[in-house]
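As structure tokens, the structure follows; a few thoughts come after it.
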Amino acid sequence: MKTDRLLELLQENAQLTPAQLAAMLGEREEDVKKAVEALEKDGVIRGYHALVNWERTELHRATALIELRVTPQKDTGFDEIAGRVMNFPEVESVYLMSGGYDLAVTVTGETMSDIAMFVSRRLAPIGGVLSTATHFVLTKYKDGGVIFNSDYEERDERGSNLCD
Amino acid sequence: MIDFETLLNPTAKNIKPSGIRKFFDIANEMEDVISLSVGEPDFHTPWHIREAGIESLEKGRTRYTPNRGFIRLREAISGFLSRHYQVQYAPESEVLVTVGGSEAIDLCIRSVVSPGEEVLIPEPSFVCYVPIAQMAGGVPVIIETKAENEFRLTEEELEEKITEKTKLLVLPYPNNPTGAVMRREDLEAVARVVERHNLLVLSDEIYASLTYGAAPHVSFASLPGMRERTILVNGFSKSHSMTGWRLGYAAGPREIIGVMTKLHQFAIMSAPTTSQYAAIEAMENGDEDIEYMRGQYDMRRRLILDGLNHMGLSCFEPEGAFYVFPSIKSTGLSSQEFCERLIYSHHVAVIPGDAFGACGEGFVRISYSYSIKHITEALERIEAFLKEL
């Protein structure tokens, strides 16, 4: 089984059925199912979700990128603080970064002020956090490899040739 | 008032227009059409190849090149052909860089066919061979290949059509529109006939890089004794996703390439300079791109084949190019009817098989040069269409 191919296909489109995946990879459907299960069990595949463009809905939703500078803890380094940060349901992602700050945290909330409150009341007081800088997302052009505004999507210009 | 009817060259005027036009016209007027109709790659030209073109522009390299093309490009082409297909050509005298593979086809036919001589053309195939042969004063003789032979040209079919006027055999494999390939033993059988009847062969191998399955592409010119009888045509459009750069090449015996160069020199002068710079990069450092794209096409090929066979459109497994050519005879519709009803009712565009020769009737050409998402959506619509018939 070409696991790298399987993962690429699923990352691109998690809705492909085992039968379709099997056809593309030249494998048996049963084997694909088993391989996917194994990848899920091993924690390689961590989940499947829809890429929602909330701007196109009636719902209010704000997102911010927060730079955290923290003091690494003895023995645990950044892991302990990251662990505390990631447990908040408001937090969508946490990355350890190289460069000018340490943790990049994506936070979502209904409004910008919800997020501001969350940062000042929940994140900033955590022991070891030296500073926070909050950057609000104004619009998402592309997320998870997908262009969000179809106006910006590339047009298929082919089909003008009458004898190809 | 000028009467153009009497002024135009009657041969040119009477050339049949491409049968594909109608469906593009319908598709263009509709919204929400999913097309599986085009015959060009969906991939962009790999960036490093584009960059080589851009760099040449930045440096102001915008002049004519030698008529035959840059020697460095011809050397690179020669190396590519040797590396991939085990055929040897002298870059100085046996390679000509052309404006697409199609110019090479045109030059070849005009260089070797005299008025009244017959050109053997297997069909279904790409639509250009017949009109070009006609314009050269040649007589196109169609060989109808068959689905039960997986659209391969057989020794008997070929032998049957040979007369004392036969001059040239066109060998369009891997084939557009059927996706058929010729294996070594099939080519050997053809070579025996070619030898026996002293024919020349125009081997259009533009899809050579897109060969799937276990056996790699075999170039007709690599068969014993065939190099001297073969004009090998290839290019960059399909292998490196470079359709718009308009660049191809011919390789063959120096005497034939010499005459082709003369025609090329007067009609074209030299192939586009920017494209030639890009093509040098493609030939020297592009083998990985070919492998990548081939792998992607292969997955799509399997997906679409599986989908069509599941919905009852029987389809032999095509091993080349990026087309499948399923039979639609089980629907009781003609190719034209099938395509018209499919586009009007479910907004999916495919090409009727008879656009590629009368024997393509009963089949449709479906291109898989599209994203997997696009293909799965189109398959769902085709399935819904078939259920409603």
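Ordering of the structure tokens sets the chain letters (A, B, ...); residue numbers start at 1 within each chain; ligands are numbered from 1 in the order shown.
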Residue hits in chain B, query chain A, radius 6 Å, only C-alpha atoms, as a short mmCIF file (atom, residue, chain, number, x, y, z; two decimals) with N, CA and C atoms, in the first residue's frame:
data_model
loop_
_atom_site.label_atom_id
_atom_site.label_comp_id
_atom_site.auth_asym_id
_atom_site.auth_seq_id
_atom_site.Cartn_x
_atom_site.Cartn_y
_atom_site.Cartn_z
N ILE B 20 -15.56 18.53 -33.19
CA ILE B 20 -15.60 18.82 -31.76
C ILE B 20 -16.29 20.15 -31.50
N ARG B 21 -16.26 21.00 -32.52
CA ARG B 21 -16.73 22.38 -32.35
C ARG B 21 -18.10 22.48 -31.71
N VAL B 38 -11.52 18.22 -22.79
CA VAL B 38 -10.32 18.81 -23.40
C VAL B 38 -9.19 17.80 -23.58
N GLY B 39 -8.30 18.16 -24.47
CA GLY B 39 -7.16 17.30 -24.77
C GLY B 39 -5.85 17.94 -24.38
N MET B 299 -3.70 7.62 -11.38
CA MET B 299 -4.74 7.48 -10.35
C MET B 299 -6.11 7.88 -10.91
N ARG B 302 -7.46 5.19 -13.27
CA ARG B 302 -8.06 4.05 -12.57
C ARG B 302 -9.42 4.42 -12.00
N LEU B 303 -9.52 5.64 -11.46
CA LEU B 303 -10.77 6.09 -10.85
C LEU B 303 -11.89 6.13 -11.88
#
* To do: Run DSSP on the backbone and grab whatever in range 11-164 of chain A lands in alpha helix (DSSP H); send it over as a count of residues only.
  => 38
* One-decimal distance in Å that lies between CA of Ile143 in chain B and CA of Pro10 in chain B ->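 These two atoms are separated by 25.4 Å.
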* For range 227-244 of chain B, list every protein, DNA or RNA residue within 7 Å, evaluated using only C-alpha atoms, and leave out those in the same chain fewer than 3 positions away; present the list as a list in words. =>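 Neighbouring residues, sequence-local ones excluded: Glu40, Pro41, Phe43, His44, Thr45, Gly100, Gly101, Ala104, Leu200, Val201, Leu202, Ser203, Asp204, Glu205, Ile206, Tyr207, Ser209, Leu210, Ala221, Ser222, Leu247, Gly248, Tyr249, Ala250, Ala251, Gly252, Pro253 and Ile290 of chain B.
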Deliver the residues from the most recent selection as a file, using C-alpha atoms, as a PDB file, in the first residue's frame.
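Saved the output as selection.pdb:
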ATOM      1  CA  GLU B  40      -4.560  19.181 -22.804  1.00  0.00           C
ATOM      2  CA  PRO B  41      -3.022  18.758 -19.369  1.00  0.00           C
ATOM      3  CA  PHE B  43      -1.157  20.864 -14.677  1.00  0.00           C
ATOM      4  CA  HIS B  44       0.762  24.083 -14.975  1.00  0.00           C
ATOM      5  CA  THR B  45       4.116  23.974 -16.674  1.00  0.00           C
ATOM      6  CA  GLY B 100       4.316  21.850 -31.657  1.00  0.00           C
ATOM      7  CA  GLY B 101       4.176  18.232 -32.717  1.00  0.00           C
ATOM      8  CA  ALA B 104       6.264  18.296 -37.397  1.00  0.00           C
ATOM      9  CA  LEU B 200       7.860   5.195 -44.488  1.00  0.00           C
ATOM     10  CA  VAL B 201       6.343   5.672 -41.036  1.00  0.00           C
ATOM     11  CA  LEU B 202       5.273   8.830 -39.275  1.00  0.00           C
ATOM     12  CA  SER B 203       5.304   7.743 -35.651  1.00  0.00           C
ATOM     13  CA  ASP B 204       3.374  10.328 -33.637  1.00  0.00           C
ATOM     14  CA  GLU B 205       4.555   9.590 -30.108  1.00  0.00           C
ATOM     15  CA  ILE B 206       3.410  12.829 -28.492  1.00  0.00           C
ATOM     16  CA  TYR B 207       1.834  10.873 -25.616  1.00  0.00           C
ATOM     17  CA  SER B 209       5.544   9.847 -21.617  1.00  0.00           C
ATOM     18  CA  LEU B 210       1.998   9.116 -20.548  1.00  0.00           C
ATOM     19  CA  ALA B 221      12.175   3.838 -34.383  1.00  0.00           C
ATOM     20  CA  SER B 222      13.904   1.597 -31.847  1.00  0.00           C
ATOM     21  CA  LEU B 247       7.004  23.427 -29.137  1.00  0.00           C
ATOM     22  CA  GLY B 248       7.639  19.987 -30.531  1.00  0.00           C
ATOM     23  CA  TYR B 249      10.218  18.152 -32.574  1.00  0.00           C
ATOM     24  CA  ALA B 250      10.869  15.604 -35.271  1.00  0.00           C
ATOM     25  CA  ALA B 251      13.736  13.144 -35.386  1.00  0.00           C
ATOM     26  CA  GLY B 252      14.612  10.977 -38.356  1.00  0.00           C
ATOM     27  CA  PRO B 253      17.022  10.227 -41.168  1.00  0.00           C
ATOM     28  CA  ILE B 290       6.996  13.685 -15.921  1.00  0.00           C
TER      29      ILE B 290
END
* Tell me which protein, DNA and RNA residues are within 8 Å of range 79-87 of chain B, counting only C-alpha atoms, leaving out same-chain ones fewer than 4 positions away, and put them as a PyMOL selection string. => chain B and resi 75+217-219+221-222+283-284
Those selected residues, please, written with N, CA and C atoms and delivered as a JSON list (two decimals), in the first residue's frame.
[["chain", "number", "residue", "atom", "x", "y", "z"],
["B", 75, "GLU", "N", 20.60, 18.83, -28.67],
["B", 75, "GLU", "CA", 21.40, 17.86, -27.92],
["B", 75, "GLU", "C", 20.60, 17.28, -26.76],
["B", 217, "HIS", "N", 6.73, 2.55, -22.76],
["B", 217, "HIS", "CA", 6.52, 2.89, -24.17],
["B", 217, "HIS", "C", 7.67, 2.38, -25.03],
["B", 218, "VAL", "N", 7.34, 1.81, -26.16],
["B", 218, "VAL", "CA", 8.37, 1.39, -27.13],
["B", 218, "VAL", "C", 8.26, 2.31, -28.34],
["B", 219, "SER", "N", 9.37, 2.95, -28.67],
["B", 219, "SER", "CA", 9.37, 3.80, -29.85],
["B", 219, "SER", "C", 9.53, 2.95, -31.09],
["B", 221, "ALA", "N", 10.84, 3.66, -33.79],
["B", 221, "ALA", "CA", 12.17, 3.84, -34.38],
["B", 221, "ALA", "C", 13.23, 2.95, -33.73],
["B", 222, "SER", "N", 12.91, 2.42, -32.54],
["B", 222, "SER", "CA", 13.90, 1.60, -31.85],
["B", 222, "SER", "C", 13.91, 0.15, -32.36],
["B", 283, "MET", "N", 14.01, 19.36, -20.82],
["B", 283, "MET", "CA", 14.70, 18.14, -21.26],
["B", 283, "MET", "C", 15.82, 17.75, -20.31],
["B", 284, "GLU", "N", 16.49, 18.78, -19.76],
["B", 284, "GLU", "CA", 17.65, 18.47, -18.93],
["B", 284, "GLU", "C", 17.27, 18.13, -17.48]]
* Shell of 10 Å around Gly320 in chain B, only C-alpha atoms, local chain residues under 5 positions omitted, as a ChimeraX atom specification -> /B:173-182,207-213,217,294,297-298,301
* To do: Write out as a VMD selection string which residues come within 10 Å of Gly127 in chain A when counting only C-alpha atoms, dropping same-chain ones fewer than 2 positions away.
  => chain A and resid 70 to 71 73 81 123 to 125 129 to 130
* strand (DSSP E or B) positions in range 128-317 of chain B, given as a PyMOL selection string -> chain B and resi 139-144+166-171+200-204+211+230-235+248-251
Would you save the residues of that selection, restricted to C-alpha atoms, as a PDB file, in the first residue's frame?
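Output below, filename out04.pdb:
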ATOM      1  CA  VAL B 139      -4.829  10.227 -50.692  1.00  0.00           C
ATOM      2  CA  PRO B 140      -5.754   9.389 -47.097  1.00  0.00           C
ATOM      3  CA  VAL B 141      -6.579   5.712 -46.678  1.00  0.00           C
ATOM      4  CA  ILE B 142      -8.317   4.957 -43.414  1.00  0.00           C
ATOM      5  CA  ILE B 143      -7.616   1.806 -41.428  1.00  0.00           C
ATOM      6  CA  GLU B 144     -10.410   1.159 -38.956  1.00  0.00           C
ATOM      7  CA  THR B 166       1.065   3.425 -50.489  1.00  0.00           C
ATOM      8  CA  LYS B 167       3.834   5.699 -49.282  1.00  0.00           C
ATOM      9  CA  LEU B 168       3.442   6.537 -45.644  1.00  0.00           C
ATOM     10  CA  LEU B 169       1.923   4.926 -42.570  1.00  0.00           C
ATOM     11  CA  VAL B 170       0.863   7.147 -39.694  1.00  0.00           C
ATOM     12  CA  LEU B 171       1.305   5.406 -36.337  1.00  0.00           C
ATOM     13  CA  LEU B 200       7.860   5.195 -44.488  1.00  0.00           C
ATOM     14  CA  VAL B 201       6.343   5.672 -41.036  1.00  0.00           C
ATOM     15  CA  LEU B 202       5.273   8.830 -39.275  1.00  0.00           C
ATOM     16  CA  SER B 203       5.304   7.743 -35.651  1.00  0.00           C
ATOM     17  CA  ASP B 204       3.374  10.328 -33.637  1.00  0.00           C
ATOM     18  CA  THR B 211       2.129   5.345 -20.702  1.00  0.00           C
ATOM     19  CA  THR B 230      10.665   6.446 -39.340  1.00  0.00           C
ATOM     20  CA  ILE B 231      10.016  10.086 -38.689  1.00  0.00           C
ATOM     21  CA  LEU B 232       9.550  10.246 -34.954  1.00  0.00           C
ATOM     22  CA  VAL B 233       7.352  13.113 -33.747  1.00  0.00           C
ATOM     23  CA  ASN B 234       7.169  14.167 -30.133  1.00  0.00           C
ATOM     24  CA  GLY B 235       6.968  17.378 -28.142  1.00  0.00           C
ATOM     25  CA  GLY B 248       7.639  19.987 -30.531  1.00  0.00           C
ATOM     26  CA  TYR B 249      10.218  18.152 -32.574  1.00  0.00           C
ATOM     27  CA  ALA B 250      10.869  15.604 -35.271  1.00  0.00           C
ATOM     28  CA  ALA B 251      13.736  13.144 -35.386  1.00  0.00           C
TER      29      ALA B 251
END
* To do: Compile the contact shell of Ile351 in chain B as a list in words: residues with an atom at most 6 Å away, counting only C-alpha atoms, same-chain residues fewer than 2 positions apart removed.
  =>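 Non-adjacent residues within range: Ser37, Val364 and Arg365 of chain B.
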* Between CA of Thr274 in chain B and CA of Glu255 in chain B, measure the distance and give it in Å to one decimal. =>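 Calculated distance between CA of Thr274 in chain B and CA of Glu255 in chain B is 28.2 Å.
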* Mind pulling up the distance from CA of Phe24 in chain B to CA of Gly357 in chain B? -> 18.3 Å
* **Nearest to Thr154 in chain B by atom-to-atom distance, counting only C-alpha atoms, from B:Val190, B:Ile132, B:Ile121, B:Ala355** =>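 Looking at the shortest contact to Thr154 in chain B, the residue is B:Val190.
Checking A:Arg61, A:Leu68, A:Thr17, A:Thr76 one by one against Phe136 in chain A, counting only C-alpha atoms, you find the shortest gap at A:Arg61.
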